[in-house]
Every structure is written in C-alpha cells, then in structure tokens.
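Inspection log for the structure reproduced underneath, given as structure tokens.
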Amino acid sequence: MDYKKSKAPVNTVTRNIMDLCRETGNIYESVAIISKRANQISVEIKQDLSQKLQEFASYNDTLEEVFENREQIEISRYYEKLPKPSLLATQEFIEGNIFWRDPSKES
C-alpha cells in the first residue's frame, strides 16, 4: 500500500469521539481497533524501509570510510514525511476500510 497517497493528515487532528464510536458503539473498542491496525501499519512500513535500505548496506567496519549515499537519504526523507501509523489507522477507520470482528459477539 502506498501510504503517501493516503488522505491521512500529517499532523495531529482533533476528532469527534462520537464519530469514532459510531460503528462499534464503544470508544474503547474503537481505539483498540485503531491501535491494532496502527501496529500492523508500523510493521509494514518498517519492513518496507528495511528492504529498501538493505540495498545500500555497507559491510565495511572501518570508521574512516563513511559514504553519503544520495538515494539512501532520499528514501529516509520519504519515510520521515509519511503520516504516523496511528493517523493512517484512524483515517482508515473513519473511511470504513478496516475489517474487524469480535469473536465473543459471534457465538
């Protein structure tokens, strides 16, 4: 998923609590769903970043040779400008793009 194309804000936004608990009926359940999705997004972003930076990994242990790679810097800047995983997850929740289920209520 391309997180840069998400409509999530880059900065923190004040949300109406009633809008967040509309689907679940409980604000705590909504926050738990958002936090679990934020953890998933965080893991995805970290794996993606690690894969991209692995291409530029240098296995020399000398301190004298420090190379500045322009592409590596650009990749790092791209990931620094992304919205935080919690903001991405909140936006997905508001848009209805998160699927969840409660096993205790299904029985």
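Letters A, B, ... go to the chains of the structure tokens in the order shown; residues in each chain start at 1; ligands are counted from 1 in the same order.
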
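Near Ala89 (chain A), within 8 Å and counting only C-alpha atoms, sit Ile34, Ser35, Arg37, Ala38, Ile41, Pro85, Ser86, Glu92 and Phe93 of chain A, not including residues fewer than 3 positions from it in the same chain.
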
(request) For Phe56 (chain A), list every protein, DNA or RNA residue within 10 Å, evaluated using only C-alpha atoms, and leave out those in the same chain fewer than 5 positions away; present the list as a ChimeraX atom specification. (result) /A:51,69,71-72

(message) I need the residues in chain A that are helix (DSSP H, G or I) according to DSSP; give them as a ChimeraX atom specification.
(response) /A:3-5,17-20,27-54,70-81,85-95,103-106

(request) Just give me the gap between CA of Lys81 (chain A) and CA of Phe99 (chain A) in Å, one decimal is fine. (result) 26.8 Å

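If you count only C-alpha atoms and ignore residues fewer than 6 places along the chain from Ser42 (chain A), what sits within 12 Å of it is Tyr3, Ser35, Lys36, Asp48, Leu49, Tyr79, Leu82, Pro83, Lys84, Pro85, Ser86, Leu87, Leu88 and Ala89 of chain A.
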
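Minimum distance to Thr14 (chain A) across A:Tyr78, A:Thr90, A:Tyr28, A:Glu44 (counting only C-alpha atoms) occurs at A:Thr90.
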
(request) Mind checking which residues fall within 12 Å of Thr24 (chain A), counting only C-alpha atoms, ignoring those fewer than 3 positions away in the same chain, and posting them as a VMD selection string? (result) chain A and resid 17 to 21 27 to 34 93 to 94 96 99 to 102 105

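Nearest residue to Pro9 (chain A), choosing from A:Ser104, A:Asn97, A:Gln54, A:Gln91 and counting only C-alpha atoms: A:Gln91.
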